[in-house]
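Participant: One structure, pasted below without further comment.
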Amino acid sequence: MILVIQYSKYRKIHEKEIKGPFPLPILGNLHSFSDLPHHDCTNYTKKYGDVMRIWFADLYTVILSDANIIRKVYVENHENFMDRPRIPSLKYGTYFHGTVASMGEDWIRNRDVVSRAMRKTNIKHIYELMDTQVDILLRSMEKISKDGTAFEPRYYTTKYTMGLMYKFIFNEEVDENEDINNGDIKKLGDLMSRIMEDFASGSLWDVLEITRPLYLKYLEMFEKAFPILIEFFEKRYKEHLKTFDPESPRDLLDTLIAEYGGGDPKKTTKDDLLSIYSSLSDFFFAGVDTSSTTLEYLFLLLSNYPEVQEKVHDEIKTTLKGRDRVLLSDKASLPYLSAVIKETMRYRPVTSFGLPRTTTNDIVIDDKYFIPKDSQVLINYHALSFNEKYFPNPHVFDPTRFINEPNNQAFIPWSIGQRNCVGMTFAQDEIFLCIANVLLRYRFKSVDGKKINEIEKYGITTKPVDRFNVLLEKRA
Ligand code: HEM
């Protein structure tokens with residue numbers, strides 16, 4: 001009986017149905033995935049094309065690997081694709097509030113609030129925060145290079161982006177000597193990973209209909225990560241209210257307080273509070289690991305390609321004409337560095353499938369592809385990055401491709417359209433300021449003189465599979 005129900009689901013649904021591999025009952029196509037599912041999907045494109053269908057157990061999923069189609073879907077048909085799939089883990093991890101998880105009118109309002117909040121949190125102030133964090137990182141590097149010990153990029157790039165986010169969100173300092181592998185920061189990171197892991201990297205329980213009632217019951221009874229996170233944010237919310245001045249917001253939390261009721265218990269609803277707490281959680285979730293992993297890959301690839309590292313150092317040195325600090329205003333004068341950052345993000349995209357979207361109505365895209373209502377839609381960043389049509393010789397790490405074509409329309413690591421990454425400029429600036437100032441002062445290389453393993457490990461953010469160290473050499 002189950003088999004009949006399962007297979008009736010897989011029947012042909014439209015003459016313009018999207019092609020994909022043959023599914024099995026219950027698991028759909030999940031059985032065919034290895035521990036690098038984004039690579040598996042890239043391989044499937046050879047047979048099924050740049051728009052294909054995969055059954056994630058019971059969830060009909062459309063995977064896009066072509067920049068023109070992605071534009072047609074995410075920009076031209078934004079309204080039909082702006083929501084996120086209503087999967088159980090997202091429900092119990094966010095109560096569908098905040099920026100990442102809200103839908104429809106709620107999302108439109110929240111996105112507007114958050115975008116204004118980011119603009120209002122005085123831009124100059126944000127740059128000063130970034131500068132301070134760069135200083136902290138450079139002091140750690142100075143000490144490590146003097147001691148002659150090895151430098152672990154993952155630890156220090158995470159400390160850099162986490163320190164920045166703490167200050168940006170709560171106006172709180174992360175102590176320079178604090179070990180982020182312990183204490184409050186570790187607790188916060190673990191909670192957020194638990195909440196977002198299933199949503200961002202996929203979980204069988206979320207997509208199996210047969211076990212859904214049990215799974216929902218389980219989450220209702222035992223999933224306590226989001227309530228604990230709420231307590232963490234609520235404590236800071238109350239602290240902020242004691243000294244809150246709507247005329248001079250100190251941080252993101254202040255600007256969200258001002259936007260959602262100004263802290264007045266009569267004006268601030270329960271929903272408003274959830275929107276504030278969930279938005280704070282989103283910024284930690286979406287803004288820490290993504291940027292730190294991009295920086296980690298920069299350390300890895302520049303160690304593996306020393307000629308690129310020397311060239312980019314020379315460009316910075318020549319441009320600065322004796323100054324000892326790279327400023328954001330130097331960005332336009334450093335095209336090779338910009339190209340290196342872009343090529344790193346192309347060669348090793350940190351979000352394998354971006355964040356999932358869903359369809360509000362049946363739709364035919366480009367007169368070719370039928371996408372049914374309630375499908376999950378993903379971008380395969382790996383396939384897009386290695387699509388020869390847009391990036392010739394894609395398996396070669398070659399920053400000059402972005403010198404020749406700085407505005408390559410297929411380079412969209414922050415997604416596109418109205419629901420793209422709200423932290424894009426923030427991320428671009430923090431990555432640029434950090435790596436430029438490091439490269440000005442240090443040469444780095446692998447510890448054993450061999451190439452560092454470039455293979456990635458799939459996850460919420462896709463990181464280098466091995467933690468690695470580099471040796472630092474202070475430049476004259
Ligand atoms: C290398 C760094 C980053 C990359 C590659 C990246 C990429 C992305 C992508 C692909 C999405 C999904 C957009 C979609 O649904 O189409 C996204 C969403 C988002 N990102 Fe980023 N991101 C980065 C850094 C940041 C930073 C630093 C912040 C915060 C300051 C941030 C905040 C967000 C938020 C809040 C969303 C949800 C937007 C919404 O649903 O409206 N991201 N990001």
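Residue numbering restarts at 1 for every chain of the structure tokens, chains are lettered A, B, ... in their displayed order, and ligands are numbered from 1 as they appear.
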Please extract the residues of stretch 367-403 of chain A with a backbone DSSP assignment of helix (DSSP H, G or I) and present them as a count of residues only.
Facilitator: 8
Participant: Excluding A:Phe444 and its own-chain neighbours fewer than 4 positions away, which residues fall within 7 Å of it when counting only C-alpha atoms? Please give them as number ranges by chain.
Facilitator: A: 303, 470-473
Participant: What residues have any atom no more than 7 Å from ligand 1 when counting only C-alpha atoms and all ligand atoms, and can you list them as JSON, numbers by chain?
Facilitator: {"A": [99, 100, 101, 111, 282, 283, 286, 287, 288, 290, 291, 294, 350, 351, 354, 355, 356, 357, 413, 414, 415, 416, 419, 420, 421, 422, 423, 424, 426, 427]}
Participant: Could you write those residues out with N, CA and C atoms, as a short mmCIF file (atom, residue, chain, number, x, y, z; two decimals), in the first residue's frame?
Facilitator:
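Final file, selection_17.cif:
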```cif
data_model
loop_
_atom_site.label_atom_id
_atom_site.label_comp_id
_atom_site.auth_asym_id
_atom_site.auth_seq_id
_atom_site.Cartn_x
_atom_site.Cartn_y
_atom_site.Cartn_z
N THR A 99 14.54 37.12 10.32
CA THR A 99 14.82 37.45 8.92
C THR A 99 14.91 36.20 8.06
N VAL A 100 15.65 35.21 8.55
CA VAL A 100 15.90 34.02 7.73
C VAL A 100 14.62 33.20 7.52
N ALA A 101 13.76 33.11 8.55
CA ALA A 101 12.68 32.12 8.49
C ALA A 101 11.29 32.69 8.27
N ARG A 111 12.28 42.28 6.87
CA ARG A 111 13.42 42.59 6.00
C ARG A 111 13.61 44.10 5.90
N ASP A 282 19.56 35.18 13.79
CA ASP A 282 19.88 35.07 12.36
C ASP A 282 21.23 35.70 12.02
N PHE A 283 21.48 36.84 12.63
CA PHE A 283 22.74 37.52 12.31
C PHE A 283 23.94 36.71 12.77
N ALA A 286 23.87 33.56 10.32
CA ALA A 286 24.21 33.78 8.90
C ALA A 286 25.48 34.58 8.72
N GLY A 287 25.91 35.30 9.78
CA GLY A 287 26.98 36.26 9.57
C GLY A 287 28.34 35.91 10.15
N VAL A 288 28.44 34.82 10.93
CA VAL A 288 29.73 34.53 11.56
C VAL A 288 30.52 33.51 10.73
N THR A 290 29.94 32.09 7.81
CA THR A 290 30.08 32.32 6.37
C THR A 290 31.33 33.16 6.06
N SER A 291 31.45 34.28 6.77
CA SER A 291 32.60 35.17 6.49
C SER A 291 33.89 34.55 7.01
N THR A 294 35.10 31.93 4.61
CA THR A 294 35.68 32.53 3.40
C THR A 294 37.12 32.99 3.69
N VAL A 350 31.07 28.85 0.24
CA VAL A 350 30.86 28.36 1.61
C VAL A 350 29.42 27.94 1.88
N THR A 351 28.47 28.42 1.07
CA THR A 351 27.12 27.89 1.21
C THR A 351 26.87 26.99 0.00
N GLY A 354 22.96 27.47 -0.64
CA GLY A 354 22.32 28.70 -0.17
C GLY A 354 21.32 28.37 0.92
N LEU A 355 20.25 29.13 1.00
CA LEU A 355 19.16 28.80 1.93
C LEU A 355 17.94 28.43 1.10
N PRO A 356 17.22 27.38 1.51
CA PRO A 356 16.11 26.90 0.66
C PRO A 356 14.97 27.90 0.52
N ARG A 357 14.36 27.91 -0.63
CA ARG A 357 13.12 28.67 -0.87
C ARG A 357 12.02 27.68 -1.21
N PRO A 413 27.45 34.75 -5.06
CA PRO A 413 27.51 33.95 -3.82
C PRO A 413 26.54 34.42 -2.75
N TRP A 414 26.05 35.66 -2.88
CA TRP A 414 25.09 36.16 -1.88
C TRP A 414 23.66 36.00 -2.38
N SER A 415 23.48 35.23 -3.42
CA SER A 415 22.18 35.06 -4.07
C SER A 415 21.78 36.38 -4.74
N ILE A 416 20.59 36.41 -5.32
CA ILE A 416 20.15 37.63 -6.01
C ILE A 416 18.67 37.87 -5.72
N ARG A 419 15.37 38.81 -1.84
CA ARG A 419 15.68 38.07 -0.62
C ARG A 419 17.13 37.59 -0.63
N ASN A 420 18.00 38.38 -1.23
CA ASN A 420 19.41 37.96 -1.22
C ASN A 420 19.98 38.20 0.17
N CYS A 421 21.29 38.03 0.34
CA CYS A 421 21.92 38.18 1.66
C CYS A 421 21.85 39.64 2.11
N VAL A 422 21.24 39.86 3.27
CA VAL A 422 21.11 41.24 3.75
C VAL A 422 22.46 41.78 4.28
N GLY A 423 23.39 40.86 4.56
CA GLY A 423 24.69 41.28 5.10
C GLY A 423 25.79 41.34 4.05
N MET A 424 25.41 41.41 2.76
CA MET A 424 26.41 41.30 1.69
C MET A 424 27.52 42.36 1.82
N PHE A 426 28.33 44.23 4.36
CA PHE A 426 29.02 44.01 5.63
C PHE A 426 30.10 42.92 5.43
N ALA A 427 29.68 41.81 4.82
CA ALA A 427 30.60 40.68 4.62
C ALA A 427 31.76 41.08 3.70
#
```
Participant: With a cut-off of 12 Å, could you pull out the residues of stretch 88-169 of chain A touching stretch 298-301 of chain A and give me the nearest pair of atoms for each, distance in Å to one decimal, using only C-alpha atoms, ordered by chain and ascending number, as a Markdown table?
Facilitator:
```
| residue | atom | partner | partner_atom | distance |
| --- | --- | --- | --- | --- |
| A:Phe151 | CA | A:Phe299 | CA | 10.4 |
| A:Glu152 | CA | A:Phe299 | CA | 9.6 |
| A:Pro153 | CA | A:Phe299 | CA | 6.8 |
| A:Arg154 | CA | A:Phe299 | CA | 9.3 |
| A:Tyr156 | CA | A:Phe299 | CA | 11.1 |
| A:Thr157 | CA | A:Phe299 | CA | 9.7 |
```
Participant: Could the residues in this selection be saved with all heavy atoms as a compact mmCIF listing (two decimals), in the first residue's frame?
Facilitator:
```
# COMPACT_ATOMS: atom_id res chain seq x y z
N PHE A 151 49.94 29.11 13.28
CA PHE A 151 48.73 29.93 13.36
C PHE A 151 47.57 29.11 12.79
O PHE A 151 47.68 28.59 11.68
CB PHE A 151 48.98 31.20 12.54
CG PHE A 151 47.77 32.09 12.38
CD1 PHE A 151 47.39 32.98 13.37
CD2 PHE A 151 47.04 32.05 11.19
CE1 PHE A 151 46.29 33.81 13.19
CE2 PHE A 151 45.94 32.88 11.00
CZ PHE A 151 45.57 33.76 12.01
N GLU A 152 46.46 29.02 13.54
CA GLU A 152 45.33 28.24 13.02
C GLU A 152 44.27 29.19 12.46
O GLU A 152 43.52 29.83 13.21
CB GLU A 152 44.71 27.37 14.11
CG GLU A 152 43.84 26.31 13.46
CD GLU A 152 42.77 25.71 14.35
OE1 GLU A 152 42.42 26.31 15.36
OE2 GLU A 152 42.28 24.63 13.96
N PRO A 153 44.16 29.32 11.14
CA PRO A 153 43.21 30.27 10.56
C PRO A 153 41.78 30.11 11.08
O PRO A 153 41.12 31.09 11.38
CB PRO A 153 43.31 30.01 9.06
CG PRO A 153 44.69 29.49 8.87
CD PRO A 153 44.97 28.69 10.09
N ARG A 154 41.29 28.85 11.21
CA ARG A 154 39.87 28.69 11.57
C ARG A 154 39.56 29.34 12.92
O ARG A 154 38.56 30.03 13.07
CB ARG A 154 39.47 27.21 11.59
CG ARG A 154 37.99 27.06 11.90
CD ARG A 154 37.48 25.64 11.72
NE ARG A 154 37.73 25.15 10.39
CZ ARG A 154 37.47 23.90 10.00
NH1 ARG A 154 36.93 23.06 10.85
NH2 ARG A 154 37.74 23.50 8.77
N TYR A 156 41.17 31.78 14.50
CA TYR A 156 41.31 33.25 14.55
C TYR A 156 40.33 33.97 13.62
O TYR A 156 39.89 35.07 13.93
CB TYR A 156 42.76 33.67 14.27
CG TYR A 156 43.62 33.36 15.47
CD1 TYR A 156 44.39 32.20 15.52
CD2 TYR A 156 43.60 34.19 16.58
CE1 TYR A 156 45.13 31.89 16.65
CE2 TYR A 156 44.34 33.89 17.72
CZ TYR A 156 45.10 32.74 17.75
OH TYR A 156 45.83 32.43 18.86
N THR A 157 39.97 33.35 12.49
CA THR A 157 38.99 34.03 11.63
C THR A 157 37.60 33.98 12.29
O THR A 157 36.83 34.92 12.18
CB THR A 157 38.94 33.43 10.20
OG1 THR A 157 38.65 32.05 10.29
CG2 THR A 157 40.24 33.64 9.45
```
Participant: Nearest residue to A:Arg475 out of A:Gly262, A:Trp205, A:Gly322, A:His313, using only C-alpha atoms?
Facilitator: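 Ranked by minimum distance to A:Arg475, first place goes to A:His313.
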Participant: Using only C-alpha atoms, find the one residue out of A:Ser292, A:Lys474, A:Pro37, A:Leu256 that sits nearest to A:Thr268.
Facilitator: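 Going through A:Ser292, A:Lys474, A:Pro37, A:Leu256 one by one, the smallest distance to A:Thr268 is for A:Leu256.
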